[in-house]
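> File input-v3.cif below, mmCIF, C-alpha atoms and all ligand atoms:
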```
data_coords
#
loop_
_atom_site.group_PDB
_atom_site.id
_atom_site.type_symbol
_atom_site.label_atom_id
_atom_site.label_comp_id
_atom_site.auth_asym_id
_atom_site.auth_seq_id
_atom_site.Cartn_x
_atom_site.Cartn_y
_atom_site.Cartn_z
ATOM 1 C CA MET A 623 126.736 91.586 137.452
ATOM 2 C CA PRO A 624 123.424 93.493 137.786
ATOM 3 C CA LEU A 625 121.479 93.592 134.538
ATOM 4 C CA SER A 626 119.639 96.855 135.142
ATOM 5 C CA THR A 627 121.463 100.125 134.583
ATOM 6 C CA ALA A 628 120.954 103.750 135.555
ATOM 7 C CA LEU A 629 122.339 106.939 134.003
ATOM 8 C CA GLY A 630 126.132 106.707 134.032
ATOM 9 C CA ALA A 631 126.100 103.033 134.980
ATOM 10 C CA PRO A 632 127.398 100.362 132.598
ATOM 11 C CA ARG A 633 125.015 99.594 129.751
ATOM 12 C CA VAL A 634 124.769 95.870 129.173
ATOM 13 C CA VAL A 635 124.344 94.932 125.508
ATOM 14 C CA ASP A 636 123.051 91.453 124.789
ATOM 15 C CA VAL A 637 121.751 89.517 121.799
ATOM 16 C CA VAL A 638 118.820 87.104 121.867
ATOM 17 C CA PRO A 639 119.105 84.725 118.894
ATOM 18 C CA THR A 640 115.463 83.768 118.294
ATOM 19 C CA LEU A 641 111.912 84.830 119.043
ATOM 20 C CA GLN A 642 111.471 81.693 121.151
ATOM 21 C CA THR A 643 114.409 82.575 123.435
ATOM 22 C CA LEU A 644 113.222 86.132 124.114
ATOM 23 C CA ARG A 645 112.308 85.980 127.829
ATOM 24 C CA PRO A 646 110.494 89.006 129.261
ATOM 25 C CA GLU A 647 112.341 88.797 132.590
ATOM 26 C CA ASP A 648 115.746 89.070 130.893
ATOM 27 C CA VAL A 649 114.886 92.205 128.988
ATOM 28 C CA ALA A 650 112.715 94.287 131.336
ATOM 29 C CA GLY A 651 113.932 97.855 131.731
ATOM 30 C CA ARG A 652 116.138 97.840 128.654
ATOM 31 C CA VAL A 653 115.686 99.123 125.143
ATOM 32 C CA ALA A 654 114.820 96.261 122.810
ATOM 33 C CA VAL A 655 115.787 96.347 119.154
ATOM 34 C CA VAL A 656 113.721 93.928 117.079
ATOM 35 C CA ILE A 657 115.495 92.452 114.055
ATOM 36 C CA ASP A 658 114.002 90.372 111.244
ATOM 37 C CA VAL A 659 116.111 91.275 108.225
ATOM 38 C CA LEU A 660 114.287 88.823 105.911
ATOM 39 C CA ARG A 661 111.914 90.456 105.747
ATOM 40 C CA ALA A 662 109.501 91.814 108.348
ATOM 41 C CA THR A 663 111.567 94.579 109.909
ATOM 42 C CA SER A 664 112.987 95.589 106.506
ATOM 43 C CA THR A 665 109.413 95.920 105.250
ATOM 44 C CA ILE A 666 108.353 97.974 108.283
ATOM 45 C CA VAL A 667 111.331 100.301 107.803
ATOM 46 C CA ALA A 668 110.617 100.607 104.048
ATOM 47 C CA ALA A 669 106.912 101.309 104.679
ATOM 48 C CA LEU A 670 107.553 104.051 107.226
ATOM 49 C CA GLY A 671 110.391 105.420 105.097
ATOM 50 C CA ALA A 672 107.859 105.654 102.262
ATOM 51 C CA GLY A 673 105.512 107.710 104.434
ATOM 52 C CA ALA A 674 103.118 105.135 105.912
ATOM 53 C CA ARG A 675 101.299 106.612 108.909
ATOM 54 C CA ASP A 676 101.727 103.561 111.172
ATOM 55 C CA ILE A 677 102.039 99.788 111.270
ATOM 56 C CA ARG A 678 99.888 97.666 113.607
ATOM 57 C CA PRO A 679 101.589 94.291 114.142
ATOM 58 C CA VAL A 680 99.175 91.431 114.865
ATOM 59 C CA ALA A 681 99.721 87.715 115.482
ATOM 60 C CA THR A 682 97.516 86.000 112.935
ATOM 61 C CA PRO A 683 95.753 86.640 109.611
ATOM 62 C CA GLU A 684 92.431 86.254 111.441
ATOM 63 C CA GLU A 685 93.419 88.897 113.979
ATOM 64 C CA ALA A 686 94.415 91.171 111.079
ATOM 65 C CA GLN A 687 90.987 90.805 109.464
ATOM 66 C CA ALA A 688 89.242 91.383 112.805
ATOM 67 C CA ARG A 689 91.352 94.499 113.485
ATOM 68 C CA LEU A 690 90.557 95.813 110.003
ATOM 69 C CA ALA A 691 86.844 95.259 110.564
ATOM 70 C CA ARG A 692 86.980 97.128 113.895
ATOM 71 C CA LEU A 693 88.921 100.073 112.475
ATOM 72 C CA GLU A 694 86.688 100.226 109.423
ATOM 73 C CA ALA A 695 83.574 100.228 111.621
ATOM 74 C CA SER A 696 84.901 102.951 113.902
ATOM 75 C CA ARG A 697 85.999 105.164 110.981
ATOM 76 C CA GLY A 698 83.009 104.410 108.780
ATOM 77 C CA SER A 699 85.354 103.683 105.859
ATOM 78 C CA ARG A 700 88.160 101.362 104.753
ATOM 79 C CA GLU A 701 90.015 104.274 103.198
ATOM 80 C CA GLY A 702 93.524 104.693 104.563
ATOM 81 C CA LEU A 703 93.694 101.116 105.836
ATOM 82 C CA LEU A 704 95.790 98.326 104.317
ATOM 83 C CA LEU A 705 96.339 94.676 105.220
ATOM 84 C CA GLY A 706 99.907 93.439 104.779
ATOM 85 C CA GLY A 707 101.877 90.323 105.563
ATOM 86 C CA GLU A 708 102.711 86.765 104.655
ATOM 87 C CA ARG A 709 102.661 83.091 105.465
ATOM 88 C CA GLU A 710 105.314 80.853 103.859
ATOM 89 C CA GLY A 711 106.583 84.121 102.323
ATOM 90 C CA PHE A 712 103.480 84.742 100.218
ATOM 91 C CA ARG A 713 100.799 87.425 100.389
ATOM 92 C CA LEU A 714 97.737 86.223 102.289
ATOM 93 C CA PRO A 715 94.358 85.810 100.584
ATOM 94 C CA GLY A 716 92.377 89.045 100.738
ATOM 95 C CA PHE A 717 95.427 91.094 101.772
ATOM 96 C CA ASP A 718 96.446 94.268 99.922
ATOM 97 C CA LEU A 719 100.187 93.703 100.305
ATOM 98 C CA GLY A 720 102.602 90.864 101.023
ATOM 99 C CA ASN A 721 105.891 91.104 102.916
ATOM 100 C CA SER A 722 108.061 92.466 100.130
ATOM 101 C CA PRO A 723 109.605 95.809 101.139
ATOM 102 C CA LEU A 724 109.643 96.793 97.464
ATOM 103 C CA GLU A 725 105.832 96.771 97.375
ATOM 104 C CA TYR A 726 105.687 99.438 100.053
ATOM 105 C CA THR A 727 106.161 102.481 97.833
ATOM 106 C CA PRO A 728 105.034 106.028 98.651
ATOM 107 C CA LYS A 729 102.295 105.711 96.037
ATOM 108 C CA THR A 730 100.856 102.661 97.813
ATOM 109 C CA VAL A 731 101.408 103.383 101.492
ATOM 110 C CA ALA A 732 101.865 107.128 102.116
ATOM 111 C CA GLY A 733 99.525 108.257 104.884
ATOM 112 C CA LYS A 734 98.156 104.733 105.390
ATOM 113 C CA THR A 735 97.723 102.537 108.445
ATOM 114 C CA ILE A 736 98.982 99.020 107.724
ATOM 115 C CA ILE A 737 97.732 96.068 109.755
ATOM 116 C CA PHE A 738 100.625 93.640 109.455
ATOM 117 C CA THR A 739 101.187 89.965 110.279
ATOM 118 C CA THR A 740 104.235 87.802 109.518
ATOM 119 C CA THR A 741 105.501 84.405 110.650
ATOM 120 C CA ASN A 742 108.329 85.483 112.967
ATOM 121 C CA GLY A 743 108.883 89.251 112.809
ATOM 122 C CA THR A 744 105.557 90.563 114.075
ATOM 123 C CA GLN A 745 105.529 87.838 116.781
ATOM 124 C CA THR A 746 108.906 89.077 118.028
ATOM 125 C CA LEU A 747 107.638 92.661 118.198
ATOM 126 C CA ARG A 748 104.617 91.595 120.206
ATOM 127 C CA ARG A 749 106.651 89.420 122.536
ATOM 128 C CA ALA A 750 109.103 92.251 123.208
ATOM 129 C CA ALA A 751 106.169 94.570 123.854
ATOM 130 C CA GLY A 752 105.208 92.506 126.909
ATOM 131 C CA ALA A 753 108.300 93.741 128.716
ATOM 132 C CA HIS A 754 109.338 97.030 127.172
ATOM 133 C CA ARG A 755 108.478 100.648 126.905
ATOM 134 C CA THR A 756 111.019 101.399 124.154
ATOM 135 C CA ILE A 757 111.182 99.016 121.215
ATOM 136 C CA LEU A 758 113.083 99.999 118.107
ATOM 137 C CA VAL A 759 112.826 98.331 114.701
ATOM 138 C CA ALA A 760 116.069 97.612 112.851
ATOM 139 C CA SER A 761 117.086 96.357 109.439
ATOM 140 C CA PHE A 762 120.188 96.855 107.340
ATOM 141 C CA LEU A 763 118.238 99.601 105.547
ATOM 142 C CA ASN A 764 118.328 101.809 108.674
ATOM 143 C CA ALA A 765 121.206 100.189 110.566
ATOM 144 C CA SER A 766 123.381 103.256 111.168
ATOM 145 C CA ALA A 767 120.379 105.381 112.216
ATOM 146 C CA VAL A 768 119.552 102.736 114.853
ATOM 147 C CA ALA A 769 123.195 102.556 115.997
ATOM 148 C CA GLU A 770 123.205 106.342 116.397
ATOM 149 C CA ARG A 771 120.098 106.157 118.553
ATOM 150 C CA LEU A 772 121.560 103.349 120.697
ATOM 151 C CA TRP A 773 124.718 105.326 121.365
ATOM 152 C CA THR A 774 122.761 107.805 123.486
ATOM 153 C CA CYS A 775 120.248 105.449 125.066
ATOM 154 C CA PRO A 776 120.678 105.469 128.853
ATOM 155 C CA THR A 777 119.720 101.847 129.607
ATOM 156 C CA GLY A 778 120.923 98.378 128.703
ATOM 157 C CA ILE A 779 120.134 97.110 125.206
ATOM 158 C CA VAL A 780 118.725 93.794 123.983
ATOM 159 C CA LEU A 781 119.134 93.042 120.297
ATOM 160 C CA ALA A 782 116.206 90.669 119.722
ATOM 161 C CA CYS A 783 116.618 88.594 116.583
ATOM 162 C CA ALA A 784 113.462 86.945 115.245
ATOM 163 C CA GLY A 785 115.249 83.951 113.739
ATOM 164 C CA THR A 786 113.285 81.637 111.480
ATOM 165 C CA ARG A 787 110.778 79.261 113.070
ATOM 166 C CA GLY A 788 112.906 78.812 116.165
ATOM 167 C CA TRP A 789 116.210 78.555 114.311
ATOM 168 C CA PHE A 790 119.177 80.926 114.359
ATOM 169 C CA SER A 791 119.229 83.264 111.325
ATOM 170 C CA LEU A 792 122.551 84.333 109.903
ATOM 171 C CA GLU A 793 121.203 87.614 108.531
ATOM 172 C CA ASP A 794 119.626 88.699 111.839
ATOM 173 C CA THR A 795 122.793 87.883 113.789
ATOM 174 C CA LEU A 796 124.889 89.800 111.238
ATOM 175 C CA LEU A 797 122.772 92.898 111.810
ATOM 176 C CA ALA A 798 123.070 92.479 115.592
ATOM 177 C CA GLY A 799 126.828 92.198 114.985
ATOM 178 C CA PHE A 800 126.844 95.343 112.858
ATOM 179 C CA LEU A 801 125.138 97.286 115.676
ATOM 180 C CA VAL A 802 127.552 95.969 118.328
ATOM 181 C CA ASP A 803 130.514 96.660 116.043
ATOM 182 C CA SER A 804 129.303 100.258 115.497
ATOM 183 C CA LEU A 805 128.959 100.856 119.251
ATOM 184 C CA GLU A 806 132.344 99.260 119.975
ATOM 185 C CA LYS A 807 134.110 101.365 117.335
ATOM 186 C CA ARG A 808 132.460 104.564 118.476
ATOM 187 C CA ALA A 809 133.271 103.828 122.118
ATOM 188 C CA ALA A 810 136.888 103.173 121.160
ATOM 189 C CA ASP A 811 137.060 106.381 119.077
ATOM 190 C CA SER A 812 135.592 108.503 121.854
ATOM 191 C CA GLY A 813 137.637 106.905 124.599
ATOM 192 C CA ALA A 814 134.455 105.594 126.264
ATOM 193 C CA ALA A 815 135.937 102.222 127.060
ATOM 194 C CA VAL A 816 134.522 100.056 129.840
ATOM 195 C CA GLY A 817 135.201 101.842 133.093
ATOM 196 C CA ASP A 818 135.068 105.354 131.576
ATOM 197 C CA THR A 819 131.711 107.059 132.189
ATOM 198 C CA SER A 820 132.615 110.498 130.874
ATOM 199 C CA ALA A 821 131.813 110.381 127.140
ATOM 200 C CA ALA A 822 128.357 108.765 127.036
ATOM 201 C CA PRO A 823 125.475 107.852 129.390
ATOM 202 C CA GLY A 824 127.530 104.865 130.552
ATOM 203 C CA PRO A 825 130.180 102.508 129.195
ATOM 204 C CA PHE A 826 128.975 99.505 127.236
ATOM 205 C CA VAL A 827 129.405 95.972 128.529
ATOM 206 C CA PHE A 828 129.049 93.562 125.624
ATOM 207 C CA ARG A 829 127.944 90.083 126.682
ATOM 208 C CA ASP A 830 129.130 86.877 125.039
ATOM 209 C CA LEU A 831 126.599 86.625 122.238
ATOM 210 C CA ALA A 832 126.944 90.335 121.432
ATOM 211 C CA ARG A 833 130.717 89.931 121.102
ATOM 212 C CA SER A 834 130.237 86.755 119.051
ATOM 213 C CA ALA A 835 127.778 88.491 116.700
ATOM 214 C CA ALA A 836 130.217 91.367 116.162
ATOM 215 C CA ALA A 837 133.032 88.900 115.422
ATOM 216 C CA LEU A 838 130.777 87.078 112.946
ATOM 217 C CA TYR A 839 129.862 90.357 111.258
ATOM 218 C CA ARG A 840 133.487 91.483 111.008
ATOM 219 C CA THR A 841 134.651 88.096 109.721
ATOM 220 C CA LEU A 842 131.943 87.506 107.118
ATOM 221 C CA ALA A 843 130.637 90.905 106.138
ATOM 222 C CA GLY A 844 132.684 93.709 107.667
ATOM 223 C CA GLY A 845 134.773 94.508 104.585
ATOM 224 C CA SER A 846 132.167 96.319 102.478
ATOM 225 C CA GLY A 847 128.502 96.523 101.495
ATOM 226 C CA GLU A 848 129.265 94.035 98.710
ATOM 227 C CA ASP A 849 130.561 91.524 101.283
ATOM 228 C CA LEU A 850 127.370 91.941 103.236
ATOM 229 C CA ALA A 851 125.146 91.364 100.198
ATOM 230 C CA ARG A 852 127.245 88.334 99.198
ATOM 231 C CA VAL A 853 126.857 86.638 102.577
ATOM 232 C CA VAL A 854 123.177 87.494 103.151
ATOM 233 C CA VAL A 855 122.148 85.733 99.917
ATOM 234 C CA THR A 856 123.683 82.504 101.251
ATOM 235 C CA ALA A 857 121.519 82.432 104.412
ATOM 236 C CA ASP A 858 118.918 79.664 104.733
ATOM 237 C CA HIS A 859 115.891 81.961 104.533
ATOM 238 C CA ALA A 860 117.479 84.000 101.721
ATOM 239 C CA ARG A 861 117.814 80.812 99.681
ATOM 240 C CA TYR A 862 114.184 79.903 100.446
ATOM 241 C CA LEU A 863 112.968 83.357 99.397
ATOM 242 C CA THR A 864 115.096 83.347 96.240
ATOM 243 C CA SER A 865 113.724 79.926 95.268
ATOM 244 C CA ARG A 866 110.195 81.346 95.595
ATOM 245 C CA GLY A 867 110.915 84.333 93.337
ATOM 246 C CA PHE A 868 111.806 86.907 96.018
ATOM 247 C CA GLY A 869 115.495 87.346 95.151
ATOM 248 C CA ALA A 870 115.060 91.099 94.607
ATOM 249 C CA ASP A 871 113.773 91.406 98.171
ATOM 250 C CA VAL A 872 116.844 89.629 99.532
ATOM 251 C CA ALA A 873 119.159 92.013 97.654
ATOM 252 C CA TYR A 874 117.204 95.049 98.849
ATOM 253 C CA CYS A 875 117.113 93.854 102.478
ATOM 254 C CA ALA A 876 120.917 93.431 102.369
ATOM 255 C CA SER A 877 121.429 97.097 101.415
ATOM 256 C CA LEU A 878 123.060 99.164 104.109
ATOM 257 C CA ASP A 879 121.761 102.558 105.253
ATOM 258 C CA LEU A 880 119.297 103.487 102.523
ATOM 259 C CA LEU A 881 116.864 105.010 105.032
ATOM 260 C CA ALA A 882 117.647 107.318 107.952
ATOM 261 C CA VAL A 883 114.574 106.395 110.010
ATOM 262 C CA VAL A 884 114.177 104.805 113.449
ATOM 263 C CA PRO A 885 110.767 103.153 113.849
ATOM 264 C CA GLU A 886 109.511 102.755 117.389
ATOM 265 C CA TYR A 887 106.824 100.361 118.641
ATOM 266 C CA ALA A 888 104.572 101.630 121.421
ATOM 267 C CA ARG A 889 100.914 101.198 122.361
ATOM 268 C CA GLY A 890 100.310 98.704 119.543
ATOM 269 C CA ARG A 891 101.692 100.899 116.741
ATOM 270 C CA VAL A 892 105.013 101.211 114.981
ATOM 271 C CA THR A 893 105.676 104.814 113.990
ATOM 272 C CA LEU A 894 108.706 106.945 113.295
ATOM 273 C CA ALA A 895 110.321 108.165 116.480
ATOM 274 C CA ALA A 896 110.448 111.951 116.405
ATOM 275 C CA ALA A 897 114.223 111.943 115.906
ATOM 276 C CA GLY A 898 113.989 109.611 112.926
ATOM 277 C CA ARG A 899 111.173 111.266 111.003
ATOM 278 C CA ARG A 900 112.996 111.696 107.716
ATOM 279 C CA PRO A 901 111.185 109.662 105.040
ATOM 280 C CA VAL A 902 113.252 108.618 102.028
ATOM 281 C CA PRO A 903 111.565 106.873 99.072
ATOM 282 C CA ASN A 904 112.679 103.376 98.098
ATOM 283 C CA PRO A 905 114.037 102.652 94.589
ATOM 284 C CA ARG A 906 110.633 101.499 93.326
ATOM 285 C CA SER A 907 108.992 104.809 94.251
ATOM 286 C CA GLY A 908 106.397 105.953 91.848
HETATM 287 C C1 LIG A 1001 108.819 86.513 109.034
HETATM 288 O O1 LIG A 1001 108.306 87.383 109.776
HETATM 289 O O2 LIG A 1001 108.887 85.337 109.343
HETATM 290 C C2 LIG A 1001 109.440 86.875 107.707
HETATM 291 O O3 LIG A 1001 109.467 88.198 107.494
HETATM 292 C C3 LIG A 1001 109.087 85.916 106.616
HETATM 293 C C4 LIG A 1001 109.240 86.432 105.198
HETATM 294 O O4 LIG A 1001 110.333 86.468 104.654
HETATM 295 O O5 LIG A 1001 108.237 86.822 104.599
#
```
Have the structure of the file written as structure tokens, please.

Amino acid sequence: MPLSTALGAPRVVDVVPTLQTLRPEDVAGRVAVVIDVLRATSTIVAALGAGARDIRPVATPEEAQARLARLEASRGSREGLLLGGEREGFRLPGFDLGNSPLEYTPKTVAGKTIIFTTTNGTQTLRRAAGAHRTILVASFLNASAVAERLWTCPTGIVLACAGTRGWFSLEDTLLAGFLVDSLEKRAADSGAAVGDTSAAPGPFVFRDLARSAAALYRTLAGGSGEDLARVVVTADHARYLTSRGFGADVAYCASLDLLAVVPEYARGRVTLAAAGRRPVPNPRSG
């Protein structure tokens, strides 16, 4: 089956389980959706939802400092610039912010450029950028807004989970499953089943891991938002974060559809795509 699609042609939907298995040749010409529920993509969504101007993902803390120095030199001021991110879950020395979405309030980030580095999430964004023009950023916080955007996208879709240090992450796969489940349900409701090209740019073809992720989501978390929160807290990285005092972050990152924004990564910056420019403050706004 050809992997590339044109308008009206079948749209292949696939899931990549970890950053390390994201191969540029498999994803070229498709829309990539980067997923790191705990916590990088949730933090990016929260920051942009709170009015941040843009996020600049970088690979290392050193690169973040160097980027800050360059921007500061070119602007003649550090005003409007923040350093954010983590290693081992904790804020880095000299950084303004860590990787807790709850820190990214309108008061702290509105109008700011945030240079951001995390262990897995920002690496996944940068790896996807090697092959893509359109890269969306998804979390449970903006899950339905992303699903809405995917419904109309004319190409194949790769749901790129960051995973955790090369390992499968339950929470990322559940979000991939939520997105597949949303597309499947909508296709069924609109009669746009495989083989019917009338109701959307092209029928979806869900590959094995996409179907498996949707089945996992429906089995473990599909009943209600409470089910979702209950299962996310049991994930390996959720337990690590909770043991380090970040339990409130885990609960927040497991909240469905708090923010109707669709961040897009292009030319080194994550910003709100025009269609998703509807900032909504997070509960710690102030
Ligand atoms: C990552 O990018 O690896 C994570 O977001 C780690 C974390 O929870 O801070």
> When distances are computed from all atoms listed in the file, which of A:Gly890, A:Pro885, A:Gly867, A:Gly711 shows the smallest separation from A:Leu758?
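When distances to A:Leu758 are compared using all atoms listed in the file, the smallest one comes from A:Pro885.
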> Closest to A:Leu831 among A:Ala860, A:Val649, A:Val659, A:Leu796, using all atoms listed in the file?
A:Leu796
> One decimal, in Å: what's the spacing between atom CA of A:Val802 and atom CA of A:Asp636?
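Atom-to-atom, atom CA of A:Val802 to atom CA of A:Asp636, that is 9.1 Å.
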> Residues at most 12 Å from A:Asp794, counting all atoms listed in the file, excluding those fewer than 4 positions away in the same chain, as a PyMOL selection string?
chain A and resi 637-641+655-664+742-743+760-762+765+781-786+789-790+798-801+835-836+838-839+853-854+857-860+875-876
> For the atom pair atom CA of A:Asn721 and atom CA of A:Arg749, what is the interatomic distance in Å to one decimal place?
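Atom CA of A:Arg749 lies at a distance of 19.7 Å from atom CA of A:Asn721.
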> Could you please determine the separation between atom C1 of ligand LIG 1001 (chain A) and atom CA of A:Gly778 in Å, to one decimal place?
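Distance between the two atoms: 26.0 Å.
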> I need the residue set behind the PyMOL selection byres (((chain A and resi 719) around 10) and not hetatm) for this file; please write it as a short mmCIF file (atom, residue, chain, number, x, y, z; two decimals) with C-alpha atoms, in the frame of the given file.

```
data_model
loop_
_atom_site.label_atom_id
_atom_site.label_comp_id
_atom_site.auth_asym_id
_atom_site.auth_seq_id
_atom_site.Cartn_x
_atom_site.Cartn_y
_atom_site.Cartn_z
CA LEU A 704 95.79 98.33 104.32
CA LEU A 705 96.34 94.68 105.22
CA GLY A 706 99.91 93.44 104.78
CA GLY A 707 101.88 90.32 105.56
CA GLU A 708 102.71 86.76 104.66
CA PHE A 712 103.48 84.74 100.22
CA ARG A 713 100.80 87.42 100.39
CA LEU A 714 97.74 86.22 102.29
CA PRO A 715 94.36 85.81 100.58
CA GLY A 716 92.38 89.04 100.74
CA PHE A 717 95.43 91.09 101.77
CA ASP A 718 96.45 94.27 99.92
CA GLY A 720 102.60 90.86 101.02
CA ASN A 721 105.89 91.10 102.92
CA SER A 722 108.06 92.47 100.13
CA PRO A 723 109.60 95.81 101.14
CA GLU A 725 105.83 96.77 97.38
CA TYR A 726 105.69 99.44 100.05
CA THR A 730 100.86 102.66 97.81
CA VAL A 731 101.41 103.38 101.49
CA ILE A 736 98.98 99.02 107.72
CA PHE A 738 100.62 93.64 109.46
#
```
> Please write out, as JSON, where the centre of an axis-aligned box around all listed atoms of ligand LIG 1001 (chain A) lies and how long its edges are, in Å to one decimal, after adding 8 Å on each side.

```
{"center_x": 109.3, "center_y": 86.8, "center_z": 107.2, "size_x": 18.1, "size_y": 18.9, "size_z": 21.2}
```
> Is there a way to get, as number ranges by chain, all residues within 12 Å of the point (135.6, 99.3, 119.5) in file coordinates, counting all atoms listed in the file?
A: 800-816, 825-828, 833, 836-837, 840
> Could you please take those selected residues and save C-alpha atoms as a compact mmCIF listing (two decimals), in the frame of the given file?

```
# COMPACT_ATOMS: atom_id res chain seq x y z
CA PHE A 800 126.84 95.34 112.86
CA LEU A 801 125.14 97.29 115.68
CA VAL A 802 127.55 95.97 118.33
CA ASP A 803 130.51 96.66 116.04
CA SER A 804 129.30 100.26 115.50
CA LEU A 805 128.96 100.86 119.25
CA GLU A 806 132.34 99.26 119.98
CA LYS A 807 134.11 101.36 117.34
CA ARG A 808 132.46 104.56 118.48
CA ALA A 809 133.27 103.83 122.12
CA ALA A 810 136.89 103.17 121.16
CA ASP A 811 137.06 106.38 119.08
CA SER A 812 135.59 108.50 121.85
CA GLY A 813 137.64 106.90 124.60
CA ALA A 814 134.46 105.59 126.26
CA ALA A 815 135.94 102.22 127.06
CA VAL A 816 134.52 100.06 129.84
CA PRO A 825 130.18 102.51 129.20
CA PHE A 826 128.98 99.50 127.24
CA VAL A 827 129.40 95.97 128.53
CA PHE A 828 129.05 93.56 125.62
CA ARG A 833 130.72 89.93 121.10
CA ALA A 836 130.22 91.37 116.16
CA ALA A 837 133.03 88.90 115.42
CA ARG A 840 133.49 91.48 111.01
```
> With the file shown as input, list the residues that the PyMOL selection byres (((chain A and resi 891) around 12) and not hetatm) selects, as a tab-separated table (two decimals) with C-alpha atoms, keeping the file's coordinate frame.

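And here's part38.tsv as it stands now:
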```tsv
chain	number	residue	atom	x	y	z
A	666	ILE	CA	108.35	97.97	108.28
A	670	LEU	CA	107.55	104.05	107.23
A	674	ALA	CA	103.12	105.14	105.91
A	675	ARG	CA	101.30	106.61	108.91
A	676	ASP	CA	101.73	103.56	111.17
A	677	ILE	CA	102.04	99.79	111.27
A	678	ARG	CA	99.89	97.67	113.61
A	679	PRO	CA	101.59	94.29	114.14
A	680	VAL	CA	99.18	91.43	114.86
A	735	THR	CA	97.72	102.54	108.44
A	736	ILE	CA	98.98	99.02	107.72
A	737	ILE	CA	97.73	96.07	109.76
A	738	PHE	CA	100.62	93.64	109.46
A	744	THR	CA	105.56	90.56	114.08
A	747	LEU	CA	107.64	92.66	118.20
A	748	ARG	CA	104.62	91.60	120.21
A	751	ALA	CA	106.17	94.57	123.85
A	756	THR	CA	111.02	101.40	124.15
A	757	ILE	CA	111.18	99.02	121.22
A	758	LEU	CA	113.08	100.00	118.11
A	759	VAL	CA	112.83	98.33	114.70
A	885	PRO	CA	110.77	103.15	113.85
A	886	GLU	CA	109.51	102.76	117.39
A	887	TYR	CA	106.82	100.36	118.64
A	888	ALA	CA	104.57	101.63	121.42
A	889	ARG	CA	100.91	101.20	122.36
A	890	GLY	CA	100.31	98.70	119.54
A	892	VAL	CA	105.01	101.21	114.98
A	893	THR	CA	105.68	104.81	113.99
A	894	LEU	CA	108.71	106.94	113.30
A	895	ALA	CA	110.32	108.16	116.48
```
> Compile the contact shell of A:Thr682 as number ranges by chain: residues with an atom at most 9 Å away, counting all atoms listed in the file, same-chain residues fewer than 5 positions apart removed.
A: 687, 738-741
> Could you tell me which of A:Ala686, A:Val872, A:Leu878, A:Ala668 comes closest to ligand LIG 1001 (chain A) if we count only C-alpha atoms and all ligand atoms?
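Closest residue, counting only C-alpha atoms and all ligand atoms: A:Val872.
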> Point out the residue among A:Gly824, A:Gly869, A:Gly733, A:Gly651 with the least atom-to-atom distance to ligand LIG 1001 (chain A), counting only C-alpha atoms and all ligand atoms.
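Residue with the minimum atom-to-atom distance to ligand LIG 1001 (chain A): A:Gly869.
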> Pick out the closest residue to ligand LIG 1001 (chain A) from this set: A:Val780, A:Leu863, A:Leu644, A:Ala695. Count all atoms listed in the file.
A:Leu863
> For a quick check of understanding, using only C-alpha atoms, which of A:Val768, A:Glu710, A:Ala669, A:Arg697 has the smallest distance to A:Arg866?
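Smallest distance to A:Arg866 is found for A:Glu710.
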> If the PyMOL selection byres (((chain A and resi 775) around 9) and not hetatm) is run on the structure shown, which residues does it catch, given as a list in words?
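Checked against the file, the PyMOL selection byres (((chain A and resi 775) around 9) and not hetatm) matches Arg633, Val653, Arg771, Leu772, Trp773, Thr774, Pro776, Thr777, Gly778, Ile779, Ala822 and Pro823 of chain A.
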